[in-house]
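Asker: Supplied in structure tokens, the structure appears directly below.
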Amino acid sequence: MKFFFTLCCILLLNFTFSQNIIPGKYSTINNSNYTFLDTILKNKKIVLLGEQSHGDGATFDEKVNLIKYLHEKQKYNSIVFESGMYDQYKAFQEYSKKKTSIAVFDQSILDIWSDTKAFQNLLLYIEECAQKKDTIKILGFDTQEGVFFSNHFMSDLTELIKNRKINIAKNSLTRIEKAFVFRDLERIANNKKDSTDLYQDFHFLVNALKEIKDPTFHEKMMKQVIISKISDVDFEIMQLQNQKIAVQNPRDEQMAKNLIFLSEMYPNEKMICWGASYHFSKNIDQTEYTEVTESYLQKQSNIELKTTGFTDYIPGEGAKLLEGALPMGGFLKNYFKDEIYSIAFSSYEGSYGRVDGKSFPILTPPENSIELQNANKGYNKTFFEFDKKDTKRYYCSAFGNIPIKARWNAIFDGFFFIKKSYQPEARFFEKENYVPTLKDAFVLNGKINDFKNHKIIANADIIMLQTNKSILANKEGAFSIIVDKAKFNNKIIVSAFGYISDTISIKNLVDANKHFIKVKLRPFQFQAINLNEVVINSNSKLLSAEEIVAKAQLNIELNYNQNPYNQTFFFRNQVIKNNEVISQDESIITTYNSMGMKGVNNPDEKIFGEILQTREIVKNTSQNKLGSMNTFAFLFDRDLILSKANVLYKPESYTLKKEGIVPYNDQKVYKISFQNNEPGAYSTGYGYPAPKKSSGVLYIDTQTFAILKYEHCVAREPFEVKSQAGKTAQMNHKITITYKLSEGKYFINYLNVIDKSIITSTADNSFLYDTYNVNNLMSTEVKTTNTQKLNRPLLKIGLNNTVQENLDFWKNNSFILPDEKIIFDLCY
């Protein structure tokens, strides 16, 4: 239910109150006149600006006005958001060094704020100040990091280790990256050895950083970020182990430590903190749960259920939500004493809801509430300073727009009352979402996030109904799709691994001229199912991994198209050497599979194709101009269904292990891991000599036994490079394939093959360089009727190619690939 998104970026609080006259001092606010704060905030180093939910636009707008006043009149020059500590540090670092524009904070700050017009206005103000040499810093105190952390942290850490000559094993760094960046924590939570190894790595790294003499500002920041992320990992592991945790206490404690650290790093700066009111509160033991609060929770739950069809509130559970709660505000008060001041916000009427999402009404506050008292006094906007001597309890809706009874003067120092709230207004992304002018077409851009915790959902499927067109979102959750005028009445389905799919009406977007959407997917939750059990029906026995794979092979003809068909792909080939792209070309290629999805020894021989469009992004300077086109042909040899050299057709050569049931889109799938016992063969058609390891994972639908996703990694023994004397190569290959349903049958959806080569000196085994050949194949359309027969073999499609780059085509067609970070964890 919506109040859960209110606090802590996903949690709700409940309280209540009762009393007639609430003592305190009122200051009416007119035209953003906040002069009354000059006395109140004198000598305060930290001001905490809360919000009752993450969807109160009036509060957002008021906070921006407050920030402007406090900066200009009281010299507060840092804004610290409830967003990733490293994310904001890195974003501000790039912005202050003029490596990027202020729009960088659109990515680093959580989109619950950065997608609002209020935040856009804040950035404009910060930019205006910067032009006057008046710097306002944007910082973050949260343990939960985002895209900047994923993309840059390990590089920064590796450089620090290199500069300080810290001797840490490579596999230790790999474990740390998997825990920090890829959140691969399930084994850590359930395996004592893995857990011990990881925490030994943590202990070693933290101690090594502590021993650095005269650390730089950057090194101090990196050490704190590492400590913060270890705390974040701890918290998630406790959740995976189903440990009882009061609210989000571990996160709150570490966020408090992070903010204290920032105040010490910037000792001369006064800071304004922006986050959920719950986090900024203290003395939660001064609340009590009443029937009034329970009734409001149930009313709000019913509204959400009616509006969205979903609620996660269980009647009667509200009383447990705050048991043992210790928000960060309490830790901060103990440290800063009288140098800190906390402010809550609330409203009497209106609506709230996350930007661009559903809107929910604010329920009329009960008798003996501070909101009702303010409304009865005729105030539209006022500041209320609590009487610290008052011992009575009364109702306030500062948490989740739900009235809670408490001694609110012990929880906050001050209170902003805004009579009427409203949903935040969406900001306008002028540059980020440029919409080209297309005749009889509609360009739709979007971004996909987790509904509960706002995290990016990478690589989601975007499928247009009543057509065979589909695309994928990239690792940032972004996508772009062009809809022909004839398809305006269609709908788009957005689905992702582990989430409930969402359906979007194109016509509604066209009518509103809305070219950018935010898609929030809800996590898929099993009901009454043991994830470690595999049961077909009540009379069935548990299926073994071998039996599941055998059924998948037996059902190939039922699940995958067996007739000739056309399929169009977006194809990209990249060559990366020492982290620099030295070659990149992109093409639109249409194919004709003369046999359908049937396993053969050499699939490329049965498939034909033609290049429709092509362009060179980074010019290929090598003499092999046909290299990438040949690679396109060989990609089909890696496909699990089309090629017979793999675990599906040769399961006897593998050790199979049933990992349980996991959600995939709206389906339940078996997760089967495999280890090749004969790595020299049956490694998906690579044909190279001496593979030393071959392993991966299959995801198989529990109902149809269709394979929906396939991951495979092949590691080869080192070999001397014959064409380059004195050089030895170590090669790994990683394959990722997903399949999509079209007209009742499955086809290739996305295929990614990465060939990694590490080149060393044969004489002393010293590292020389590494290269990656990265190939992406994304289906854009499937055609099973009125098919066009093509005659050009795949290996010949690059020969005498006369297709010229069409600038208008590439300008008006956007193809966004998943671009997953290159990692070969399955090989190790």
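Residues are named by chain letter and number: chains run A, B, ... in the order of the structure tokens, numbers start at 1 in each chain, and ligands are numbered from 1 in the order shown.
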Name the residues of region 593-769 of chain A that fall into helix (DSSP H, G or I) according to DSSP on the backbone, using the chain letters and numbers of this document, as a list in words.

Answerer: Pro603, Asp604, Glu605, Lys606, Gly627, Ser628, Met629, Asn630, Thr631, Phe632, Ala633, Phe634, Leu635, Phe636, Asp637, Arg638, Pro651, Glu652 and Ser653 of chain A

Asker: The selected residues should be written to file as a JSON list (two decimals), in the first residue's frame (atoms: C-alpha atoms).

Answerer:
```json
[["chain", "number", "residue", "atom", "x", "y", "z"],
["A", 603, "PRO", "CA", 22.65, -23.72, -37.60],
["A", 604, "ASP", "CA", 24.21, -20.91, -39.64],
["A", 605, "GLU", "CA", 24.00, -23.11, -42.71],
["A", 606, "LYS", "CA", 20.20, -23.25, -42.47],
["A", 627, "GLY", "CA", 34.78, -9.92, -39.35],
["A", 628, "SER", "CA", 31.70, -8.64, -37.56],
["A", 629, "MET", "CA", 29.33, -10.02, -40.21],
["A", 630, "ASN", "CA", 30.92, -13.44, -39.89],
["A", 631, "THR", "CA", 30.46, -13.14, -36.16],
["A", 632, "PHE", "CA", 26.76, -12.51, -36.72],
["A", 633, "ALA", "CA", 26.49, -15.86, -38.48],
["A", 634, "PHE", "CA", 28.37, -17.74, -35.77],
["A", 635, "LEU", "CA", 26.10, -16.33, -33.04],
["A", 636, "PHE", "CA", 23.38, -18.75, -34.07],
["A", 637, "ASP", "CA", 25.80, -21.62, -33.37],
["A", 638, "ARG", "CA", 25.72, -20.51, -29.73],
["A", 651, "PRO", "CA", 22.69, -33.75, -20.64],
["A", 652, "GLU", "CA", 24.57, -36.97, -19.88],
["A", 653, "SER", "CA", 27.85, -35.04, -20.16]]
```

Asker: Tell me, as a ChimeraX atom specification, which residues lie within 8 Å of Ala552 (chain A), counting only C-alpha atoms; anything in the same chain fewer than 5 positions away does not count.

Answerer: /A:648,700,705-707

Asker: Counting only C-alpha atoms, which residue out of A:Ile21, A:Phe92, A:Tyr348, A:Leu642 sits closest to Arg393 (chain A)?

Answerer: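 Checking each of A:Ile21, A:Phe92, A:Tyr348, A:Leu642 against Arg393 (chain A), counting only C-alpha atoms, the winner is A:Ile21.
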
Asker: Compile a residue-level contact table for region 255-369 of chain A against region 47-65 of chain A at a cut-off of 6 Å, reporting for every qualifying residue the shortest atom pair and its distance in Å to one decimal, with only C-alpha atoms counted, rows ordered by chain and ascending number, as CSV.

Answerer:
```
residue,atom,partner,partner_atom,distance
A:Ile272,CA,A:Val47,CA,4.9
A:Cys273,CA,A:Leu48,CA,4.8
A:Trp274,CA,A:Leu49,CA,5.3
A:Gly275,CA,A:Gly50,CA,5.3
A:Ala276,CA,A:Gly50,CA,4.9
A:Ser277,CA,A:Gly50,CA,3.9
A:Ile340,CA,A:Val47,CA,5.9
A:Tyr341,CA,A:Val47,CA,5.0
A:Ser342,CA,A:Leu48,CA,4.6
A:Ile343,CA,A:Leu49,CA,5.3
A:Ala344,CA,A:Gly50,CA,5.2
A:Phe345,CA,A:Glu51,CA,5.6
A:Tyr352,CA,A:Asp56,CA,5.0
A:Gly353,CA,A:Gly55,CA,4.3
A:Arg354,CA,A:Gly55,CA,4.3
```

Asker: Which residue gives the smallest distance to Ser779 (chain A) among A:Arg572, A:Lys97, A:His71, A:Lys734, with only C-alpha atoms counted?

Answerer: A:Arg572

Asker: Measuring atom to atom with only C-alpha atoms, identify which of A:Ala426, A:Ala725, A:Val581, A:Leu139 is nearest to Lys518 (chain A).

Answerer: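 Ranked by minimum distance to Lys518 (chain A), first place goes to A:Ala426.
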
Asker: Between CA of Thr307 (chain A) and CA of Thr290 (chain A), what is the distance, to one decimal in Å?

Answerer: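 Between CA of Thr307 (chain A) and CA of Thr290 (chain A) the gap works out to 26.1 Å.
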
Asker: Using only C-alpha atoms, which residues sit within 8 Å of Thr787 (chain A) once same-chain residues fewer than 6 positions away are excluded, as an NGL selection string?

Answerer: :A and (564-566)

Asker: Find the residue from A:Pro250, A:Gly378, A:Gly329, A:Gly318 that sits nearest to Phe417 (chain A); use only C-alpha atoms when measuring.

Answerer: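 The closest residue to Phe417 (chain A) is A:Gly378.
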
Asker: Would you list the contacts of Met328 (chain A) as a PyMOL selection string, taking every protein, DNA or RNA residue within 7 Å and counting only C-alpha atoms, but skipping same-chain residues closer than 6 positions in sequence?

Answerer: chain A and resi 252-253+255-256+279-280

Asker: Okay, now the selection with all heavy atoms, as a PDB file, in the first residue's frame?

Answerer:
```
ATOM      1  N   ASP A 252      19.305   2.784   9.311  1.00  0.00           N
ATOM      2  CA  ASP A 252      19.235   4.095   9.953  1.00  0.00           C
ATOM      3  C   ASP A 252      20.506   4.419  10.719  1.00  0.00           C
ATOM      4  O   ASP A 252      20.996   5.548  10.678  1.00  0.00           O
ATOM      5  CB  ASP A 252      18.026   4.144  10.884  1.00  0.00           C
ATOM      6  CG  ASP A 252      16.772   4.598  10.165  1.00  0.00           C
ATOM      7  OD1 ASP A 252      16.533   5.803  10.123  1.00  0.00           O
ATOM      8  OD2 ASP A 252      16.042   3.742   9.627  1.00  0.00           O
ATOM      9  N   GLU A 253      21.031   3.440  11.438  1.00  0.00           N
ATOM     10  CA  GLU A 253      22.249   3.681  12.217  1.00  0.00           C
ATOM     11  C   GLU A 253      23.415   4.039  11.306  1.00  0.00           C
ATOM     12  O   GLU A 253      24.164   4.977  11.585  1.00  0.00           O
ATOM     13  CB  GLU A 253      22.591   2.450  13.053  1.00  0.00           C
ATOM     14  CG  GLU A 253      23.817   2.649  13.923  1.00  0.00           C
ATOM     15  CD  GLU A 253      24.121   1.463  14.822  1.00  0.00           C
ATOM     16  OE1 GLU A 253      23.363   0.470  14.766  1.00  0.00           O
ATOM     17  OE2 GLU A 253      25.116   1.525  15.584  1.00  0.00           O
ATOM     18  N   MET A 255      23.229   5.246   8.212  1.00  0.00           N
ATOM     19  CA  MET A 255      22.990   6.545   7.574  1.00  0.00           C
ATOM     20  C   MET A 255      23.362   7.678   8.517  1.00  0.00           C
ATOM     21  O   MET A 255      23.901   8.707   8.085  1.00  0.00           O
ATOM     22  CB  MET A 255      21.517   6.653   7.133  1.00  0.00           C
ATOM     23  CG  MET A 255      21.164   5.781   5.942  1.00  0.00           C
ATOM     24  SD  MET A 255      19.597   6.211   5.118  1.00  0.00           S
ATOM     25  CE  MET A 255      18.423   6.014   6.441  1.00  0.00           C
ATOM     26  N   ALA A 256      23.078   7.508   9.800  1.00  0.00           N
ATOM     27  CA  ALA A 256      23.469   8.519  10.783  1.00  0.00           C
ATOM     28  C   ALA A 256      24.996   8.649  10.829  1.00  0.00           C
ATOM     29  O   ALA A 256      25.538   9.764  10.850  1.00  0.00           O
ATOM     30  CB  ALA A 256      22.919   8.157  12.154  1.00  0.00           C
ATOM     31  N   HIS A 279      12.960   8.812   9.122  1.00  0.00           N
ATOM     32  CA  HIS A 279      14.402   8.716   9.357  1.00  0.00           C
ATOM     33  C   HIS A 279      14.896   9.845  10.257  1.00  0.00           C
ATOM     34  O   HIS A 279      15.827   9.654  11.041  1.00  0.00           O
ATOM     35  CB  HIS A 279      15.161   8.746   8.032  1.00  0.00           C
ATOM     36  CG  HIS A 279      14.957   7.540   7.176  1.00  0.00           C
ATOM     37  ND1 HIS A 279      15.091   6.259   7.650  1.00  0.00           N
ATOM     38  CD2 HIS A 279      14.599   7.423   5.876  1.00  0.00           C
ATOM     39  CE1 HIS A 279      14.851   5.398   6.679  1.00  0.00           C
ATOM     40  NE2 HIS A 279      14.542   6.077   5.591  1.00  0.00           N
ATOM     41  N   PHE A 280      14.286  11.015  10.138  1.00  0.00           N
ATOM     42  CA  PHE A 280      14.753  12.182  10.879  1.00  0.00           C
ATOM     43  C   PHE A 280      14.124  12.285  12.264  1.00  0.00           C
ATOM     44  O   PHE A 280      14.412  13.219  13.016  1.00  0.00           O
ATOM     45  CB  PHE A 280      14.455  13.458  10.087  1.00  0.00           C
ATOM     46  CG  PHE A 280      15.205  13.550   8.782  1.00  0.00           C
ATOM     47  CD1 PHE A 280      14.748  14.379   7.753  1.00  0.00           C
ATOM     48  CD2 PHE A 280      16.366  12.821   8.559  1.00  0.00           C
ATOM     49  CE1 PHE A 280      15.434  14.478   6.551  1.00  0.00           C
ATOM     50  CE2 PHE A 280      17.051  12.897   7.359  1.00  0.00           C
ATOM     51  CZ  PHE A 280      16.587  13.726   6.349  1.00  0.00           C
TER      52      PHE A 280
END
```

Asker: Please report, as a ChimeraX atom specification, each residue of region 275-488 of chain A to which DSSP assigns strand (DSSP E) when run on this structure's backbone.

Answerer: /A:287-288,340-346,349-352,360-361,381-386,394-399,402-406,414-418,420-421,441-450,461-464,470-472,478-484

Asker: Quick one: write out the picked residues with C-alpha atoms as a PDB file, in the first residue's frame?

Answerer:
```
ATOM      1  CA  THR A 287       4.194   6.939  20.219  1.00  0.00           C
ATOM      2  CA  GLU A 288       1.260   4.685  20.968  1.00  0.00           C
ATOM      3  CA  ILE A 340      20.672  20.001  14.991  1.00  0.00           C
ATOM      4  CA  TYR A 341      17.035  20.886  14.279  1.00  0.00           C
ATOM      5  CA  SER A 342      14.413  18.534  12.819  1.00  0.00           C
ATOM      6  CA  ILE A 343      11.263  19.622  10.953  1.00  0.00           C
ATOM      7  CA  ALA A 344       8.223  17.535   9.987  1.00  0.00           C
ATOM      8  CA  PHE A 345       5.572  18.365   7.363  1.00  0.00           C
ATOM      9  CA  SER A 346       1.881  17.530   7.104  1.00  0.00           C
ATOM     10  CA  GLU A 349      -6.475  17.924   2.720  1.00  0.00           C
ATOM     11  CA  GLY A 350      -5.591  17.402  -0.913  1.00  0.00           C
ATOM     12  CA  SER A 351      -3.819  14.492  -2.507  1.00  0.00           C
ATOM     13  CA  TYR A 352      -0.428  12.833  -2.777  1.00  0.00           C
ATOM     14  CA  PHE A 360      -4.422   9.249  -3.453  1.00  0.00           C
ATOM     15  CA  PRO A 361      -6.596  11.488  -1.285  1.00  0.00           C
ATOM     16  CA  LYS A 381       0.566  27.634   5.616  1.00  0.00           C
ATOM     17  CA  THR A 382       2.257  28.007   8.965  1.00  0.00           C
ATOM     18  CA  PHE A 383       5.246  26.898  11.015  1.00  0.00           C
ATOM     19  CA  PHE A 384       4.584  25.470  14.461  1.00  0.00           C
ATOM     20  CA  GLU A 385       7.318  25.300  17.083  1.00  0.00           C
ATOM     21  CA  PHE A 386       6.477  22.653  19.647  1.00  0.00           C
ATOM     22  CA  TYR A 394      -2.059  14.061  20.215  1.00  0.00           C
ATOM     23  CA  TYR A 395      -2.490  13.031  16.606  1.00  0.00           C
ATOM     24  CA  CYS A 396      -0.255  14.087  13.715  1.00  0.00           C
ATOM     25  CA  SER A 397      -0.001  12.674  10.178  1.00  0.00           C
ATOM     26  CA  ALA A 398       3.698  13.388   9.656  1.00  0.00           C
ATOM     27  CA  PHE A 399       4.325   9.693   8.877  1.00  0.00           C
ATOM     28  CA  ILE A 402      -1.640   8.529   8.694  1.00  0.00           C
ATOM     29  CA  PRO A 403      -2.661  10.025  12.082  1.00  0.00           C
ATOM     30  CA  ILE A 404      -0.532   8.684  14.918  1.00  0.00           C
ATOM     31  CA  LYS A 405      -0.740   9.424  18.590  1.00  0.00           C
ATOM     32  CA  ALA A 406       2.474  10.606  20.202  1.00  0.00           C
ATOM     33  CA  GLY A 414       9.276  21.996  14.488  1.00  0.00           C
ATOM     34  CA  PHE A 415       6.342  21.376  12.185  1.00  0.00           C
ATOM     35  CA  PHE A 416       5.358  22.862   8.796  1.00  0.00           C
ATOM     36  CA  PHE A 417       1.626  22.832   8.124  1.00  0.00           C
ATOM     37  CA  ILE A 418       0.516  23.177   4.499  1.00  0.00           C
ATOM     38  CA  LYS A 420      -3.615  21.479   0.933  1.00  0.00           C
ATOM     39  CA  SER A 421      -1.125  19.060  -0.534  1.00  0.00           C
ATOM     40  CA  ALA A 441       4.590   7.927 -35.633  1.00  0.00           C
ATOM     41  CA  PHE A 442       4.869   8.325 -31.880  1.00  0.00           C
ATOM     42  CA  VAL A 443       8.191   8.095 -30.053  1.00  0.00           C
ATOM     43  CA  LEU A 444       7.984   6.772 -26.505  1.00  0.00           C
ATOM     44  CA  ASN A 445      10.888   6.874 -24.066  1.00  0.00           C
ATOM     45  CA  GLY A 446      10.742   5.391 -20.613  1.00  0.00           C
ATOM     46  CA  LYS A 447      12.497   4.155 -17.524  1.00  0.00           C
ATOM     47  CA  ILE A 448      11.731   1.073 -15.433  1.00  0.00           C
ATOM     48  CA  ASN A 449      12.173   0.856 -11.661  1.00  0.00           C
ATOM     49  CA  ASP A 450      11.252  -1.391  -8.764  1.00  0.00           C
ATOM     50  CA  ASP A 461      11.206  -6.760 -22.060  1.00  0.00           C
ATOM     51  CA  ILE A 462       8.970  -4.207 -23.800  1.00  0.00           C
ATOM     52  CA  ILE A 463       6.503  -5.975 -26.095  1.00  0.00           C
ATOM     53  CA  MET A 464       3.886  -4.333 -28.317  1.00  0.00           C
ATOM     54  CA  SER A 470       9.665  -6.005 -29.002  1.00  0.00           C
ATOM     55  CA  ILE A 471      12.745  -4.367 -27.507  1.00  0.00           C
ATOM     56  CA  LEU A 472      14.772  -4.528 -24.319  1.00  0.00           C
ATOM     57  CA  ALA A 478      15.839   3.000 -20.088  1.00  0.00           C
ATOM     58  CA  PHE A 479      14.076   2.187 -23.348  1.00  0.00           C
ATOM     59  CA  SER A 480      12.876   3.880 -26.499  1.00  0.00           C
ATOM     60  CA  ILE A 481      10.255   2.589 -28.935  1.00  0.00           C
ATOM     61  CA  ILE A 482       8.634   4.048 -32.050  1.00  0.00           C
ATOM     62  CA  VAL A 483       4.940   3.303 -32.594  1.00  0.00           C
ATOM     63  CA  ASP A 484       3.423   3.626 -36.068  1.00  0.00           C
TER      64      ASP A 484
END
```
